[in-house]
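Text of entry-v8.txt (compact mmCIF, C-alpha atoms and all ligand atoms) as supplied:
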```
# COMPACT_ATOMS: atom_id res chain seq x y z
CA MET R 1 -3.63 -2.63 12.42
CA THR R 2 -6.85 -0.74 13.00
CA ALA R 3 -8.00 -0.38 9.39
CA GLN R 4 -10.38 -2.88 7.85
CA LEU R 5 -9.13 -4.57 4.71
CA ILE R 6 -10.97 -4.27 1.39
CA ASP R 7 -10.26 -7.68 -0.13
CA GLY R 8 -9.81 -7.22 -3.89
CA ASN R 9 -9.42 -10.93 -4.52
CA ALA R 10 -12.73 -11.80 -2.86
CA LEU R 11 -14.58 -8.95 -4.57
CA ALA R 12 -13.07 -9.81 -7.96
CA ARG R 13 -14.25 -13.40 -7.53
CA GLN R 14 -17.76 -12.09 -6.94
CA VAL R 15 -17.57 -9.83 -10.02
CA ARG R 16 -16.26 -12.69 -12.18
CA ALA R 17 -19.14 -14.88 -11.00
CA GLU R 18 -21.61 -12.15 -12.06
CA VAL R 19 -19.91 -11.90 -15.45
CA ALA R 20 -19.94 -15.70 -15.86
CA GLY R 21 -23.72 -15.66 -15.38
CA ARG R 22 -24.12 -13.00 -18.05
CA VAL R 23 -21.83 -14.97 -20.40
CA THR R 24 -24.03 -18.03 -19.97
CA ALA R 25 -27.15 -15.98 -20.75
CA LEU R 26 -25.57 -14.58 -23.93
CA LYS R 27 -24.36 -18.00 -25.05
CA GLN R 28 -27.91 -19.28 -24.70
CA ARG R 29 -28.84 -16.68 -27.28
CA GLY R 30 -26.09 -17.95 -29.57
CA ILE R 31 -23.58 -15.20 -28.85
CA GLN R 32 -20.03 -16.03 -27.76
CA PRO R 33 -18.56 -12.91 -26.12
CA HIS R 34 -15.09 -12.37 -27.54
CA LEU R 35 -12.20 -10.15 -26.48
CA ALA R 36 -9.30 -9.54 -28.86
CA VAL R 37 -6.03 -8.68 -27.10
CA ILE R 38 -3.13 -7.22 -29.08
CA LEU R 39 0.44 -7.23 -27.78
CA VAL R 40 3.15 -5.50 -29.81
CA GLY R 41 6.75 -6.23 -28.77
CA ASP R 42 8.03 -8.25 -25.84
CA ASN R 43 7.78 -6.01 -22.77
CA PRO R 44 8.01 -8.60 -19.95
CA ALA R 45 5.41 -6.93 -17.71
CA SER R 46 2.99 -6.59 -20.64
CA GLN R 47 3.41 -10.27 -21.44
CA VAL R 48 2.33 -11.17 -17.91
CA TYR R 49 -0.61 -8.73 -18.02
CA VAL R 50 -2.00 -10.01 -21.32
CA ARG R 51 -1.58 -13.62 -20.27
CA ASN R 52 -3.60 -12.88 -17.13
CA LYS R 53 -6.28 -11.04 -19.10
CA VAL R 54 -6.68 -13.98 -21.47
CA ALA R 55 -6.73 -16.51 -18.59
CA ASP R 56 -9.34 -14.47 -16.65
CA SER R 57 -11.51 -14.23 -19.77
CA GLU R 58 -11.37 -17.94 -20.48
CA GLN R 59 -12.05 -18.81 -16.84
CA THR R 60 -15.21 -16.69 -17.04
CA GLY R 61 -16.40 -18.27 -20.29
CA LEU R 62 -15.41 -15.36 -22.51
CA LYS R 63 -13.44 -16.15 -25.62
CA ALA R 64 -10.14 -14.30 -25.71
CA THR R 65 -7.67 -14.29 -28.57
CA LEU R 66 -4.17 -12.97 -28.12
CA GLU R 67 -2.47 -11.54 -31.20
CA ARG R 68 1.25 -10.97 -30.82
CA TYR R 69 3.31 -8.83 -33.17
CA PRO R 70 7.01 -7.96 -33.30
CA ALA R 71 8.11 -4.60 -31.91
CA ALA R 72 9.05 -3.49 -35.43
CA LEU R 73 5.47 -3.82 -36.72
CA PRO R 74 4.69 -0.70 -38.79
CA GLN R 75 1.92 1.38 -37.23
CA ALA R 76 -0.11 1.28 -40.46
CA GLU R 77 -0.27 -2.52 -40.20
CA LEU R 78 -1.49 -2.34 -36.62
CA LEU R 79 -4.17 0.18 -37.59
CA ALA R 80 -5.29 -2.06 -40.47
CA ARG R 81 -5.59 -5.02 -38.08
CA ILE R 82 -7.64 -2.95 -35.63
CA ARG R 83 -9.96 -1.83 -38.42
CA ALA R 84 -10.48 -5.47 -39.40
CA LEU R 85 -11.35 -6.32 -35.78
CA ASN R 86 -13.73 -3.31 -35.68
CA ALA R 87 -15.54 -4.77 -38.68
CA ASP R 88 -15.65 -8.32 -37.28
CA ALA R 89 -19.09 -8.80 -35.69
CA ASN R 90 -17.78 -11.80 -33.73
CA VAL R 91 -15.34 -9.59 -31.81
CA HIS R 92 -16.91 -7.49 -29.05
CA GLY R 93 -13.92 -5.98 -27.26
CA ILE R 94 -10.50 -4.86 -28.49
CA LEU R 95 -7.60 -4.20 -26.14
CA VAL R 96 -4.20 -2.98 -27.30
CA GLN R 97 -1.73 -3.48 -24.47
CA LEU R 98 0.30 -0.40 -23.55
CA PRO R 99 3.03 0.72 -23.73
CA LEU R 100 3.49 0.47 -27.50
CA PRO R 101 6.93 0.66 -29.13
CA PRO R 102 8.31 4.22 -29.36
CA HIS R 103 7.75 4.54 -33.13
CA MET R 104 3.99 4.30 -32.58
CA ASP R 105 1.55 7.05 -31.63
CA ALA R 106 -0.37 5.27 -28.86
CA GLN R 107 -3.28 7.72 -28.86
CA ALA R 108 -3.69 7.37 -32.63
CA VAL R 109 -3.75 3.59 -32.21
CA ILE R 110 -6.34 3.77 -29.43
CA GLU R 111 -8.50 6.12 -31.46
CA THR R 112 -8.64 3.56 -34.27
CA ILE R 113 -10.54 1.18 -31.99
CA ALA R 114 -14.31 1.52 -32.47
CA PRO R 115 -15.70 3.20 -29.30
CA ALA R 116 -18.28 0.39 -29.07
CA LYS R 117 -15.38 -2.08 -28.63
CA ASP R 118 -13.15 0.16 -26.51
CA VAL R 119 -13.22 -2.03 -23.39
CA ASP R 120 -10.18 -0.24 -21.93
CA GLY R 121 -12.14 3.03 -22.03
CA PHE R 122 -9.12 4.94 -23.37
CA HIS R 123 -10.66 6.29 -26.62
CA VAL R 124 -11.34 10.05 -26.58
CA ALA R 125 -15.00 9.25 -27.17
CA SER R 126 -15.03 7.14 -23.99
CA ALA R 127 -13.07 9.76 -22.04
CA GLY R 128 -15.43 12.48 -23.34
CA ALA R 129 -18.49 10.44 -22.37
CA LEU R 130 -17.13 10.14 -18.83
CA MET R 131 -16.39 13.86 -18.77
CA VAL R 132 -19.97 14.84 -19.64
CA GLY R 133 -21.70 11.99 -17.79
CA ARG R 134 -22.87 10.01 -20.81
CA PRO R 135 -22.82 6.19 -21.10
CA GLY R 136 -19.58 4.73 -22.37
CA PHE R 137 -16.79 2.41 -21.28
CA ARG R 138 -14.97 3.54 -18.15
CA PRO R 139 -11.29 2.67 -17.62
CA CYS R 140 -10.93 -0.56 -15.66
CA THR R 141 -8.73 0.59 -12.77
CA PRO R 142 -10.87 3.49 -11.55
CA SER R 143 -14.00 1.37 -12.15
CA GLY R 144 -12.48 -1.27 -9.90
CA CYS R 145 -11.75 1.35 -7.22
CA MET R 146 -15.37 2.55 -7.38
CA ARG R 147 -16.59 -1.04 -6.97
CA MET R 148 -14.37 -1.39 -3.91
CA LEU R 149 -15.90 1.74 -2.34
CA GLU R 150 -19.37 0.45 -3.20
CA SER R 151 -18.56 -2.91 -1.60
CA ILE R 152 -18.12 -1.29 1.82
CA GLY R 153 -21.31 0.74 1.38
CA TYR R 154 -19.34 3.97 1.28
CA LYS R 155 -21.39 7.07 0.45
CA LEU R 156 -19.26 9.58 -1.46
CA LYS R 157 -21.76 12.44 -1.51
CA GLY R 158 -20.20 15.50 0.08
CA LYS R 159 -17.01 13.66 1.05
CA HIS R 160 -13.57 14.99 0.24
CA ALA R 161 -11.73 12.64 -2.10
CA VAL R 162 -8.07 13.20 -2.91
CA VAL R 163 -6.61 11.51 -5.97
CA MET R 164 -2.83 11.34 -6.15
CA GLY R 165 -1.75 11.06 -9.79
CA ARG R 166 -3.17 12.53 -13.00
CA SER R 167 -2.65 9.84 -15.63
CA ASN R 168 -5.22 9.34 -18.37
CA ILE R 169 -5.53 5.69 -17.33
CA VAL R 170 -6.15 6.18 -13.61
CA GLY R 171 -5.93 9.62 -11.98
CA LYS R 172 -8.03 11.74 -14.32
CA PRO R 173 -10.87 9.24 -14.86
CA MET R 174 -10.80 8.40 -11.13
CA ALA R 175 -11.34 12.07 -10.25
CA LEU R 176 -14.25 12.30 -12.70
CA MET R 177 -15.90 9.12 -11.40
CA LEU R 178 -15.66 10.34 -7.79
CA LEU R 179 -17.08 13.69 -8.89
CA ALA R 180 -19.96 11.93 -10.63
CA GLN R 181 -20.84 10.46 -7.21
CA ASN R 182 -20.91 13.96 -5.72
CA ALA R 183 -17.60 13.85 -3.86
CA THR R 184 -15.57 17.04 -3.59
CA VAL R 185 -12.45 16.08 -5.48
CA THR R 186 -8.88 17.29 -5.22
CA LEU R 187 -6.54 16.03 -7.94
CA CYS R 188 -2.93 16.10 -6.75
CA HIS R 189 0.10 15.45 -8.92
CA SER R 190 3.88 15.72 -9.11
CA ALA R 191 3.82 19.53 -8.97
CA THR R 192 1.42 19.72 -6.01
CA LEU R 193 2.86 21.80 -3.18
CA ASP R 194 2.41 20.38 0.32
CA LEU R 195 0.66 17.15 -0.64
CA ALA R 196 0.04 16.26 3.02
CA ARG R 197 -2.09 19.37 3.49
CA HIS R 198 -4.56 17.91 0.99
CA THR R 199 -4.40 14.25 2.02
CA ARG R 200 -4.80 15.05 5.74
CA ASP R 201 -8.17 16.62 4.95
CA ALA R 202 -9.34 13.69 2.79
CA ASP R 203 -12.11 11.22 3.63
CA VAL R 204 -10.99 9.06 0.70
CA ILE R 205 -7.50 8.87 -0.77
CA VAL R 206 -6.68 7.12 -4.04
CA ALA R 207 -2.92 6.76 -4.51
CA ALA R 208 -1.93 6.25 -8.15
CA VAL R 209 1.56 7.67 -8.37
CA GLY R 210 3.78 4.67 -9.14
CA LYS R 211 6.21 5.25 -6.29
CA ARG R 212 6.27 3.37 -3.01
CA ASN R 213 5.67 4.93 0.40
CA VAL R 214 4.32 8.20 -1.05
CA LEU R 215 1.50 8.04 1.50
CA THR R 216 2.47 7.66 5.15
CA GLY R 217 0.38 7.54 8.32
CA GLY R 218 1.03 11.17 9.18
CA MET R 219 -0.61 12.23 5.92
CA VAL R 220 -3.90 10.44 6.64
CA LYS R 221 -6.94 11.52 8.64
CA PRO R 222 -8.01 8.87 11.19
CA GLY R 223 -10.74 6.66 9.70
CA ALA R 224 -10.12 7.65 6.07
CA VAL R 225 -10.55 5.14 3.23
CA VAL R 226 -7.25 4.50 1.42
CA ILE R 227 -7.19 2.88 -2.01
CA ASP R 228 -3.75 1.88 -3.27
CA VAL R 229 -3.40 1.62 -7.05
CA GLY R 230 0.41 1.34 -6.97
CA MET R 231 2.34 -1.65 -8.30
CA ASN R 232 5.96 -1.32 -7.24
CA ARG R 233 8.75 -3.53 -5.95
CA ASP R 234 10.38 -3.08 -2.56
CA ASP R 235 14.11 -3.58 -1.87
CA HIS R 236 13.56 -7.34 -1.62
CA GLY R 237 11.74 -7.47 -4.96
CA LYS R 238 8.39 -7.96 -3.24
CA LEU R 239 5.30 -6.38 -4.82
CA CYS R 240 4.13 -3.28 -2.97
CA GLY R 241 1.88 -0.30 -3.59
CA ASP R 242 2.24 3.45 -3.27
CA VAL R 243 1.08 3.40 0.34
CA ASP R 244 3.22 2.66 3.40
CA PHE R 245 0.80 -0.08 4.40
CA ALA R 246 2.21 -0.88 7.87
CA ASP R 247 2.05 2.77 8.85
CA VAL R 248 -1.19 3.88 7.16
CA SER R 249 -3.18 0.82 8.29
CA GLN R 250 -2.74 2.07 11.88
CA ILE R 251 -4.61 5.27 11.05
CA ALA R 252 -7.02 4.57 8.17
CA GLY R 253 -10.52 3.15 8.60
CA TRP R 254 -10.33 1.05 5.44
CA ILE R 255 -7.38 0.13 3.24
CA THR R 256 -6.71 -1.97 0.14
CA PRO R 257 -3.71 -4.33 0.19
CA VAL R 258 -1.09 -4.80 -2.53
CA PRO R 259 -1.13 -7.44 -3.86
CA GLY R 260 -4.76 -8.57 -3.63
CA GLY R 261 -6.41 -5.15 -3.86
CA VAL R 262 -6.94 -2.98 -6.91
CA GLY R 263 -5.02 -5.31 -9.26
CA PRO R 264 -7.54 -8.16 -9.33
CA MET R 265 -10.38 -5.64 -9.49
CA THR R 266 -8.87 -3.96 -12.57
CA ARG R 267 -8.75 -7.35 -14.27
CA ALA R 268 -12.34 -8.12 -13.25
CA MET R 269 -13.65 -4.81 -14.60
CA LEU R 270 -12.20 -5.60 -18.03
CA LEU R 271 -14.45 -8.66 -18.06
CA VAL R 272 -17.42 -6.49 -17.07
CA ASN R 273 -16.71 -4.06 -19.92
CA THR R 274 -16.31 -6.93 -22.37
CA ILE R 275 -19.58 -8.62 -21.44
CA GLU R 276 -21.28 -5.23 -21.65
CA ALA R 277 -19.87 -4.69 -25.13
CA ALA R 278 -21.17 -8.11 -26.17
CA GLU R 279 -24.60 -7.49 -24.62
CA ARG R 280 -24.93 -4.15 -26.38
CA SER R 281 -24.08 -5.73 -29.71
CA ALA R 282 -26.74 -8.41 -29.25
N1 LIG P 1 -0.86 -1.01 -19.62
C1 LIG P 1 -0.94 -0.80 -18.28
N2 LIG P 1 -2.22 -0.82 -17.88
C2 LIG P 1 -2.96 -1.03 -18.98
C3 LIG P 1 -4.34 -1.15 -19.20
O1 LIG P 1 -5.18 -1.05 -18.31
N3 LIG P 1 -4.73 -1.39 -20.48
C4 LIG P 1 -3.83 -1.49 -21.49
N4 LIG P 1 -4.30 -1.69 -22.72
N5 LIG P 1 -2.55 -1.38 -21.33
C5 LIG P 1 -2.11 -1.16 -20.07
```
Now that the file is in, can you turn its structure into structure tokens?
Amino acid sequence: MTAQLIDGNALARQVRAEVAGRVTALKQRGIQPHLAVILVGDNPASQVYVRNKVADSEQTGLKATLERYPAALPQAELLARIRALNADANVHGILVQLPLPPHMDAQAVIETIAPAKDVDGFHVASAGALMVGRPGFRPCTPSGCMRMLESIGYKLKGKHAVVMGRSNIVGKPMALMLLAQNATVTLCHSATLDLARHTRDADVIVAAVGKRNVLTGGMVKPGAVVIDVGMNRDDHGKLCGDVDFADVSQIAGWITPVPGGVGPMTRAMLLVNTIEAAERSA
């Protein structure tokens, strides 16, 4: 392996320590930062995610309450609960775990969350603020990727960044955040012709496709920074990313592992958004 590893676990620990300090400062002013997490249904992956989010929060001194509802919950009842949380001054962040059951309109649910409590950064007001460069909550995964680039002192100005994947949660906000740092950004997706032509020219590649081995060594410029957002399982059931790590790590200059890369950073950035929401309310 020639690439240097960007250790998401170590960086997330550092971020959590920063958040813990800010929590202590707020508590001294009589404010208990509080994240409300809503889980509808019993999607097994979602159950693990929310449990981790609550555990991370509590470990950092944030209060986190998990509200669980059956999959059959009528959407109107969920919206009413969100409105009550919006009005509750003791709640600073609201997170509705996705995916929601098929009878619900996820975007309508997200848009019911007050933008000031939208710690996921999925509300159109948050997305619009990112688009035009105004303050607002940024989605946690691309924020975590930006922190990882920052941690190696990487200067994005003038660099060519290729984002693979155009989801609202990762790809699109990632492209905008790289653009805001003056990178030249190419946003590739499932209909992109000759993906390798773009990635081979990239100084930075963010892979957020949801399919393993979509990025191989032959698609990477020597020395490039490779950030792997993927969370997949290999044939043995082992967690792996979108990047062929063994192959790409021979070519890249920097690379994030899976597990222990973007995942812990995503979780850490939720804590950052939540403490920010609490600080702004103070
Ligand atoms: N489902 C998968 N990722 C996320 C996330 O970042 N936030 C929420 N709310 N749901 C998700």
Write out as CSV a residue-level contact list of chain R versus ligand LIG 1 (chain P) with cut-off 8 Å: for each qualifying residue the closest pair of atoms and the distance in Å to one decimal, counting all atoms listed in the file, rows sorted by chain and residue number upward.
```
residue,atom,partner,partner_atom,distance
R:Ser46,CA,P:LIG1,N1,6.9
R:Tyr49,CA,P:LIG1,N1,7.9
R:Leu95,CA,P:LIG1,N4,5.4
R:Val96,CA,P:LIG1,N4,4.8
R:Gln97,CA,P:LIG1,N4,3.6
R:Leu98,CA,P:LIG1,N5,3.7
R:Pro99,CA,P:LIG1,N1,5.9
R:Asp120,CA,P:LIG1,N3,5.8
R:Pro139,CA,P:LIG1,O1,7.2
R:Cys140,CA,P:LIG1,O1,6.4
R:Thr141,CA,P:LIG1,O1,6.8
R:Ile169,CA,P:LIG1,O1,6.8
R:Thr266,CA,P:LIG1,O1,7.4
```
Who sits within 9 Å of Ala224 in chain R, all atoms listed in the file, same chain under 2 positions skipped, as a list of chain:residue names: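 Counting only the stated atoms, we get R:Ala3, R:Ala202, R:Asp203, R:Val204, R:Ile205, R:Val220, R:Lys221, R:Pro222, R:Val226, R:Ile251, R:Ala252, R:Gly253, R:Trp254, R:Ile255.
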Quick one: everything within 8 Å of Gly158 in chain R, counting all atoms listed in the file, minus sequence neighbours fewer than 3 positions away in the same chain. Send it as an mmCIF file with C-alpha atoms, in the frame of the given file.
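part.cif written:
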```cif
data_model
loop_
_atom_site.group_PDB
_atom_site.id
_atom_site.type_symbol
_atom_site.label_atom_id
_atom_site.label_comp_id
_atom_site.auth_asym_id
_atom_site.auth_seq_id
_atom_site.Cartn_x
_atom_site.Cartn_y
_atom_site.Cartn_z
ATOM 1 C CA ASN R 182 -20.910 13.960 -5.720
ATOM 2 C CA ALA R 183 -17.600 13.850 -3.860
ATOM 3 C CA THR R 184 -15.570 17.040 -3.590
#
```
Top pick for closest residue to Ala127 in chain R, considering R:Lys172, R:Arg212, R:Lys157, R:His103 and counting all atoms listed in the file: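 Going through R:Lys172, R:Arg212, R:Lys157, R:His103 one by one, the smallest distance to Ala127 in chain R is for R:Lys172.
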Sphere at (-10.9, -5.3, 0.0), radius 6 Å, counting all atoms listed in the file: residues as a PyMOL selection string: chain R and resi 5-8+256+261
